[in-house]
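Raw contents of target_6.txt, compact mmCIF, C-alpha atoms:
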```
# COMPACT_ATOMS: atom_id res chain seq x y z
CA MET O 54 143.62 52.62 141.65
CA LEU O 55 147.07 53.14 140.14
CA LYS O 56 150.13 53.51 142.32
CA ILE O 57 153.60 54.28 141.00
CA GLN O 58 156.67 53.23 142.98
CA ILE O 59 159.69 55.19 141.72
CA GLU O 60 163.30 54.43 142.64
CA ASP O 61 165.48 57.53 143.02
CA ASN O 62 168.09 56.27 140.57
CA SER O 63 165.63 55.13 137.91
CA PRO O 64 166.33 56.42 134.38
CA PHE O 65 162.55 56.64 133.98
CA LYS O 66 161.96 58.86 137.02
CA GLU O 67 161.13 61.98 134.99
CA ALA O 68 158.91 60.04 132.58
CA ALA O 69 157.02 58.47 135.50
CA GLN O 70 156.46 61.88 137.07
CA ASP O 71 155.15 63.16 133.72
CA VAL O 72 152.73 60.22 133.66
CA LEU O 73 151.47 61.12 137.14
CA SER O 74 150.88 64.71 136.00
CA TYR O 75 149.11 63.48 132.85
CA ILE O 76 146.81 61.21 134.85
CA ASP O 77 145.98 64.03 137.26
CA SER O 78 145.36 66.65 134.55
CA HIS O 79 143.15 64.28 132.54
CA GLY O 80 141.24 62.98 135.57
CA LEU O 81 141.96 59.37 134.64
CA CYS O 82 140.72 56.57 136.89
CA PHE O 83 141.66 52.89 136.91
CA GLU O 84 139.06 50.37 138.03
CA ASN O 85 141.60 47.76 139.15
CA ASP O 86 144.50 48.00 141.56
CA LEU O 87 147.70 48.51 139.59
CA LEU O 88 151.25 49.07 140.79
CA LEU O 89 153.90 50.36 138.40
CA LYS O 90 157.37 49.61 139.72
CA VAL O 91 159.78 52.09 138.16
CA GLY O 92 163.42 51.05 138.50
CA GLN O 93 166.06 50.17 135.92
CA LYS O 94 163.11 48.88 133.93
CA ILE O 95 159.37 49.21 134.42
CA VAL O 96 157.08 46.38 135.41
CA LEU O 97 153.40 46.28 136.26
CA GLU O 98 151.89 44.38 139.15
CA LEU O 99 148.18 43.59 139.03
CA SER O 100 146.11 42.58 142.03
CA ASP O 101 144.13 40.06 139.96
CA ASP O 102 146.32 36.95 139.72
CA SER O 103 143.78 35.28 137.45
CA ILE O 104 145.15 37.50 134.69
CA THR O 105 148.83 36.96 135.40
CA PRO O 106 150.54 35.64 138.55
CA LEU O 107 153.74 37.49 137.70
CA ASP O 108 154.84 41.06 137.14
CA PHE O 109 154.07 42.14 133.59
CA GLU O 110 156.35 44.03 131.23
CA ILE O 111 156.36 44.64 127.49
CA ASP O 112 158.96 42.58 125.66
CA LEU O 113 159.32 43.79 122.09
CA PHE O 114 161.58 41.04 120.87
CA ARG O 115 160.36 37.65 121.94
CA ASP O 116 161.43 34.65 119.90
CA LYS O 117 158.17 34.51 117.96
CA LEU O 118 158.48 38.11 116.75
CA LEU O 119 162.17 37.71 115.94
CA TRP O 120 161.25 34.70 113.80
CA ARG O 121 158.58 36.74 111.99
CA LEU O 122 161.05 39.54 111.32
CA ALA O 123 163.59 37.07 109.94
CA HIS O 124 161.17 35.10 107.76
CA SER O 125 158.58 37.60 106.61
CA GLY O 126 158.42 40.85 104.69
CA LYS O 127 156.10 43.48 103.32
CA ASN O 128 154.46 40.99 100.93
CA SER O 129 153.81 38.25 103.49
CA GLU O 130 152.47 40.42 106.34
CA ALA O 131 148.90 41.61 105.81
CA VAL O 132 149.46 44.77 107.87
CA CYS O 133 152.43 45.68 105.66
CA ARG O 134 150.48 45.12 102.44
CA ALA O 135 147.71 47.40 103.71
CA VAL O 136 149.94 50.15 105.12
CA ILE O 137 152.64 50.24 102.46
CA GLY O 138 150.47 49.45 99.44
CA LYS O 139 152.00 51.17 96.42
CA THR O 140 153.91 53.76 98.45
CA VAL O 141 157.69 53.68 98.78
CA LYS O 142 159.21 53.82 102.28
CA PRO O 143 156.23 55.70 103.72
CA LEU O 144 156.35 57.72 106.91
CA VAL O 145 153.77 56.02 109.11
CA PHE O 146 152.02 57.05 112.30
CA ASP O 147 151.00 54.04 114.39
CA ALA O 148 148.18 55.85 116.19
CA THR O 149 147.71 53.12 118.80
CA ALA O 150 151.13 51.58 119.40
CA GLY O 151 149.98 49.26 122.19
CA LEU O 152 152.46 46.43 122.67
CA GLY O 153 154.59 47.80 119.83
CA ARG O 154 154.82 44.69 117.69
CA GLU O 155 153.12 45.94 114.54
CA SER O 156 155.25 49.10 114.68
CA ILE O 157 158.34 46.88 114.72
CA ILE O 158 157.04 44.80 111.80
CA LEU O 159 156.23 47.92 109.73
CA GLN O 160 159.62 49.46 110.48
CA SER O 161 161.34 46.23 109.47
CA ALA O 162 159.41 46.26 106.18
CA GLY O 163 160.83 49.67 105.26
CA CYS O 164 158.44 52.18 106.82
CA GLN O 165 159.58 55.08 108.99
CA VAL O 166 157.30 54.56 111.97
CA TYR O 167 156.29 56.99 114.71
CA MET O 168 154.54 55.31 117.64
CA PHE O 169 151.75 57.04 119.57
CA GLU O 170 150.14 55.80 122.79
CA ARG O 171 147.59 57.68 124.87
CA ASN O 172 147.24 55.24 127.75
CA PRO O 173 149.82 56.40 130.32
CA VAL O 174 150.47 52.94 131.81
CA ILE O 175 151.03 51.31 128.42
CA TRP O 176 153.15 54.26 127.26
CA LEU O 177 155.46 53.96 130.27
CA LEU O 178 155.81 50.18 129.82
CA LEU O 179 156.50 50.74 126.13
CA LYS O 180 159.13 53.39 126.91
CA SER O 181 160.89 50.88 129.16
CA ALA O 182 160.77 48.22 126.44
CA MET O 183 162.11 50.59 123.77
CA THR O 184 164.97 51.66 126.04
CA GLN O 185 165.93 48.03 126.66
CA ALA O 186 165.89 47.38 122.91
CA GLU O 187 168.01 50.47 122.21
CA ASN O 188 170.63 49.20 124.65
CA ASN O 189 170.71 45.67 123.21
CA ILE O 190 173.47 45.55 120.60
CA GLU O 191 172.50 42.06 119.46
CA ILE O 192 168.92 43.12 118.73
CA LEU O 193 169.91 46.38 117.08
CA SER O 194 172.38 44.63 114.77
CA SER O 195 169.62 42.28 113.61
CA LEU O 196 167.30 45.12 112.59
CA LYS O 197 168.07 46.30 109.07
CA ASN O 198 165.91 49.41 109.44
CA GLY O 199 166.44 50.14 113.13
CA LEU O 200 163.74 50.84 115.68
CA PRO O 201 160.59 52.93 115.28
CA HIS O 202 160.38 56.24 117.14
CA LEU O 203 158.25 56.40 120.31
CA THR O 204 156.72 59.87 120.60
CA SER O 205 155.70 61.70 123.77
CA LEU O 206 152.73 60.48 125.80
CA GLY O 207 149.43 61.26 124.12
CA SER O 208 147.40 60.67 120.99
CA VAL O 209 148.13 62.14 117.58
CA ALA O 210 145.39 64.72 118.19
CA GLU O 211 146.73 65.69 121.62
CA GLN O 212 150.29 66.11 120.39
CA LEU O 213 149.34 68.20 117.37
CA LYS O 214 147.09 70.35 119.55
CA ARG O 215 149.90 71.11 122.00
CA GLY O 216 152.28 71.97 119.19
CA GLU O 217 154.60 68.96 119.12
CA LYS O 218 156.94 69.05 116.13
CA LEU O 219 155.82 66.07 114.10
CA PRO O 220 156.38 65.21 110.44
CA GLU O 221 153.44 64.77 108.07
CA PRO O 222 152.50 61.08 107.84
CA ASP O 223 151.98 59.45 104.48
CA VAL O 224 149.92 56.71 106.15
CA ILE O 225 148.25 56.36 109.54
CA TYR O 226 147.65 52.91 111.01
CA TYR O 227 144.82 52.74 113.56
CA ASP O 228 144.11 49.64 115.64
CA PRO O 229 141.28 50.57 118.03
CA MET O 230 140.36 48.39 120.98
CA PHE O 231 137.03 46.75 120.24
CA PRO O 232 134.87 44.66 122.60
CA GLN O 233 135.57 40.95 122.51
CA ARG O 234 132.52 38.73 122.08
CA THR O 235 134.07 35.63 123.62
CA LYS O 236 136.57 35.03 126.38
CA SER O 237 138.52 32.71 124.10
CA ALA O 238 139.90 35.79 122.36
CA LEU O 239 141.62 36.82 125.59
CA VAL O 240 143.71 33.70 126.13
CA LYS O 241 147.10 35.31 125.55
CA LYS O 242 148.41 36.86 128.75
CA ASP O 243 149.72 40.00 127.04
CA MET O 244 146.33 40.82 125.54
CA ARG O 245 144.45 40.00 128.74
CA VAL O 246 146.60 42.50 130.62
CA PHE O 247 146.23 45.02 127.80
CA HIS O 248 142.43 44.79 127.83
CA GLU O 249 142.41 45.06 131.62
CA ILE O 250 144.39 48.31 131.54
CA VAL O 251 143.07 49.99 128.41
CA GLY O 252 139.48 48.80 128.20
CA PHE O 253 137.71 49.55 124.92
CA ASP O 254 137.79 52.68 122.77
CA GLN O 255 134.55 54.64 122.85
CA ASP O 256 135.52 57.22 120.20
CA THR O 257 136.64 54.93 117.39
CA THR O 258 134.61 56.45 114.52
CA GLU O 259 135.17 60.05 115.61
CA TYR O 260 138.90 59.53 115.98
CA ALA O 261 139.23 57.65 112.69
CA ASN O 262 137.54 60.57 110.93
CA TYR O 263 140.05 62.93 112.56
CA LEU O 264 142.97 60.78 111.42
CA LEU O 265 141.66 60.97 107.85
CA THR O 266 142.36 64.71 107.95
CA VAL O 267 145.98 64.13 109.04
CA ALA O 268 147.17 61.33 106.72
CA LYS O 269 148.54 62.47 103.35
CA HIS O 270 147.89 59.24 101.45
CA HIS O 271 145.66 56.80 103.33
CA LEU O 272 144.38 55.54 106.66
CA VAL O 273 144.38 51.86 107.60
CA VAL O 274 141.92 50.67 110.24
CA LYS O 275 142.24 47.20 111.77
CA ARG O 276 138.90 45.47 112.24
CA PRO O 277 137.66 42.03 113.36
CA ALA O 278 137.19 39.84 110.30
CA ASN O 279 133.46 39.41 110.94
CA GLU O 280 132.68 43.09 111.60
CA PRO O 281 131.58 45.64 108.98
CA PRO O 282 133.80 48.60 108.06
CA LEU O 283 133.52 51.76 110.12
CA GLU O 284 131.07 54.28 108.68
CA LEU O 285 133.50 57.14 108.12
CA ASN O 286 133.32 60.38 106.16
CA LEU O 287 135.05 58.50 103.34
CA ARG O 288 134.00 55.12 102.03
CA ARG O 289 136.45 52.27 102.36
CA SER O 290 138.65 52.10 99.27
CA SER O 291 140.01 48.58 99.68
CA PHE O 292 140.94 46.02 102.31
CA VAL O 293 143.52 43.34 103.04
CA ASP O 294 142.40 40.08 104.60
CA GLY O 295 144.42 39.09 107.65
CA LYS O 296 142.38 35.96 108.45
CA ALA O 297 141.38 36.68 112.08
CA CYS O 298 141.31 40.39 111.32
CA ARG O 299 140.95 42.72 108.35
CA PHE O 300 142.78 45.90 107.37
CA ASP O 301 140.45 48.49 105.86
CA CYS O 302 142.09 51.17 103.69
CA TYR O 303 140.72 54.70 103.20
CA PHE O 304 142.52 56.74 100.56
CA CYS O 305 142.22 60.39 101.50
CA GLY O 306 144.82 62.12 99.31
CA ASN O 307 145.31 65.14 101.59
```

In structure tokens, what does this structure look like?
Amino acid sequence: MLKIQIEDNSPFKEAAQDVLSYIDSHGLCFENDLLLKVGQKIVLELSDDSITPLDFEIDLFRDKLLWRLAHSGKNSEAVCRAVIGKTVKPLVFDATAGLGRESIILQSAGCQVYMFERNPVIWLLLKSAMTQAENNIEILSSLKNGLPHLTSLGSVAEQLKRGEKLPEPDVIYYDPMFPQRTKSALVKKDMRVFHEIVGFDQDTTEYANYLLTVAKHHLVVKRPANEPPLELNLRRSSFVDGKACRFDCYFCGN
């Protein structure tokens, strides 16, 4: 069960109320007890302290990511090579923004990134993290291409269906949640919490086929390195090896 504790003076009060309405209208249920504490920032409290003994929040700019942004670029990051390819400053939809890190990396590499998230808990945590980043002058001054844009709550399909004014994406990046075969893959606290909240996508192939109709140039699908490509309406055109994962590219030319 999800509970949301909202402080009256919270800058996220309206967003939290929208999340409650979204959960109700979509009939969403959460297997585990979750408490979202909505104040000057948003943190998540889980009842299962085997996952994390502390409140959880999304931190977009930890030291490790800042180091990557300072020392890497579009040629050294596999996700950038797959998404950017031969395009120039593409407009990119990150269809599953999640913890936001790959959106930040793509934006830093010269893409114009729009972040989408359909899980209401993750979206609210991400909104809090983006707001903190926007108000951090030190972080903003270190970003040569600024921050990506977090869209309203909901998937690409949901937002287009309800008439949101969105630009046409040159490229769509899709990182579906896939079942983990071993518990060793869930060591990192952030990902353990993420899996606990989001679970695993059941509509991966169907949704990837939909995204193929939206992207102007190509779709990139992140896959485990040892898994075959998705069987989509288009055959995979190419791929970029990311060691533990693989980035499959589908050139659709819409």

Exercise. One decimal, Å: what's the distance from atom CA of Ala131 of chain O over to atom CA of Val224 of chain O, could you say?
Key: 15.1 Å

Practice problem: Could you give me, as number ranges by chain, the residues within 12 Å of Asp77 of chain O, counting only C-alpha atoms and dropping anything in the same chain fewer than 6 positions from it? | Solution: O: 55, 70-71, 83, 173

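Atom pair atom CA of Arg299 of chain O / atom CA of Pro277 of chain O has a distance of 6.0 Å (rounded to one decimal).
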
Quiz item: Distance atom CA of His270 of chain O-atom CA of Leu122 of chain O, one decimal place?
Solution: 25.7 Å

Quiz prompt | Neighbour list for Lys296 of chain O as a ChimeraX atom specification, cut-off 12 Å, only C-alpha atoms, skip fewer than 2 positions in-chain | solution = /O:130-132,275-279,292-294,298-300

Quiz prompt | Residue nearest Leu97 of chain O among O:Gln185, O:Asn286, O:Gln58, O:Thr257 (counting all atoms listed in the file) | solution = O:Gln58

Quiz item: Between O:Cys133, O:Leu264, O:Leu193, O:Val72, which has the minimum distance to Gly295 of chain O (counting all atoms listed in the file)?
Solution: O:Cys133

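Taking all atoms listed in the file, the non-local environment of Ser195 of chain O within 10 Å (same-chain residues fewer than 3 positions away omitted) comprises Leu119, Leu122, Ala123, Ile190, Glu191, Ile192, Asn198 and Gly199 of chain O.
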
Quiz item: Quick one: of O:Met54, O:Gly126, O:Gln160, O:Ala148, who's nearest to Ala210 of chain O, counting only C-alpha atoms?
Solution: O:Ala148

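For the choices O:Leu159, O:Leu88, O:Leu203, O:Leu113, the atom-to-atom distance to Ala135 of chain O is smallest for O:Leu159 when using all atoms listed in the file.
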
Self-check item: Counting all atoms listed in the file, the option among O:Tyr303, O:Tyr260, O:Tyr75, O:Tyr226 closest to Ser205 of chain O
Solution: O:Tyr75

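Across O:Leu178, O:Ala261, O:Leu272, O:Ile225, the tightest approach to Gln93 of chain O is made by O:Leu178 when counting only C-alpha atoms.
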
Quiz item: Leaving out Asp147 of chain O and any residue of its chain fewer than 4 positions from it, which residues lie within 8 Å of it when counting only C-alpha atoms, given as number ranges by chain?
Solution: O: 156, 166-169, 225-227

Please supply segment 57-76 of chain O, rebuilt with N, CA, C and O atoms, as a compact mmCIF listing (two decimals), in the coordinates of the input.
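Just written: selection_38.txt:
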```
# COMPACT_ATOMS: atom_id res chain seq x y z
N ILE O 57 152.31 54.33 141.67
CA ILE O 57 153.60 54.28 141.00
C ILE O 57 154.70 54.35 142.05
O ILE O 57 154.76 55.29 142.84
N GLN O 58 155.55 53.34 142.04
CA GLN O 58 156.67 53.23 142.98
C GLN O 58 157.96 53.55 142.22
O GLN O 58 158.38 52.78 141.36
N ILE O 59 158.56 54.70 142.51
CA ILE O 59 159.69 55.19 141.72
C ILE O 59 160.98 55.14 142.53
O ILE O 59 161.07 55.74 143.62
N GLU O 60 161.98 54.44 142.01
CA GLU O 60 163.30 54.43 142.64
C GLU O 60 164.03 55.72 142.27
O GLU O 60 163.92 56.22 141.16
N ASP O 61 164.79 56.25 143.23
CA ASP O 61 165.48 57.53 143.02
C ASP O 61 166.45 57.50 141.84
O ASP O 61 166.63 58.49 141.14
N ASN O 62 167.09 56.35 141.62
CA ASN O 62 168.09 56.27 140.57
C ASN O 62 167.55 55.72 139.25
O ASN O 62 168.30 55.37 138.35
N SER O 63 166.23 55.67 139.13
CA SER O 63 165.63 55.13 137.91
C SER O 63 165.83 56.08 136.74
O SER O 63 165.58 57.30 136.87
N PRO O 64 166.23 55.57 135.57
CA PRO O 64 166.33 56.42 134.38
C PRO O 64 164.97 56.88 133.87
O PRO O 64 164.90 57.75 132.99
N PHE O 65 163.91 56.30 134.41
CA PHE O 65 162.55 56.64 133.98
C PHE O 65 161.82 57.52 135.01
O PHE O 65 160.61 57.70 134.91
N LYS O 66 162.57 58.07 135.95
CA LYS O 66 161.96 58.86 137.02
C LYS O 66 161.18 60.04 136.47
O LYS O 66 160.02 60.28 136.83
N GLU O 67 161.79 60.79 135.56
CA GLU O 67 161.13 61.98 134.99
C GLU O 67 159.90 61.58 134.18
O GLU O 67 158.85 62.22 134.27
N ALA O 68 160.03 60.50 133.39
CA ALA O 68 158.91 60.04 132.58
C ALA O 68 157.74 59.60 133.47
O ALA O 68 156.58 59.87 133.17
N ALA O 69 158.06 58.92 134.58
CA ALA O 69 157.02 58.47 135.50
C ALA O 69 156.32 59.65 136.15
O ALA O 69 155.09 59.64 136.35
N GLN O 70 157.07 60.68 136.48
CA GLN O 70 156.46 61.88 137.07
C GLN O 70 155.58 62.59 136.04
O GLN O 70 154.51 63.12 136.40
N ASP O 71 155.99 62.58 134.79
CA ASP O 71 155.15 63.16 133.72
C ASP O 71 153.84 62.38 133.59
O ASP O 71 152.78 62.97 133.36
N VAL O 72 153.92 61.06 133.73
CA VAL O 72 152.73 60.22 133.66
C VAL O 72 151.78 60.56 134.81
O VAL O 72 150.56 60.66 134.61
N LEU O 73 152.31 60.74 136.00
CA LEU O 73 151.47 61.12 137.14
C LEU O 73 150.76 62.45 136.88
O LEU O 73 149.57 62.60 137.18
N SER O 74 151.48 63.41 136.32
CA SER O 74 150.88 64.71 136.00
C SER O 74 149.80 64.57 134.93
O SER O 74 148.74 65.20 134.99
N TYR O 75 150.07 63.71 133.93
CA TYR O 75 149.11 63.48 132.85
C TYR O 75 147.82 62.86 133.40
O TYR O 75 146.71 63.27 133.04
N ILE O 76 147.98 61.87 134.26
CA ILE O 76 146.81 61.21 134.85
C ILE O 76 145.98 62.19 135.66
O ILE O 76 144.75 62.23 135.58
```
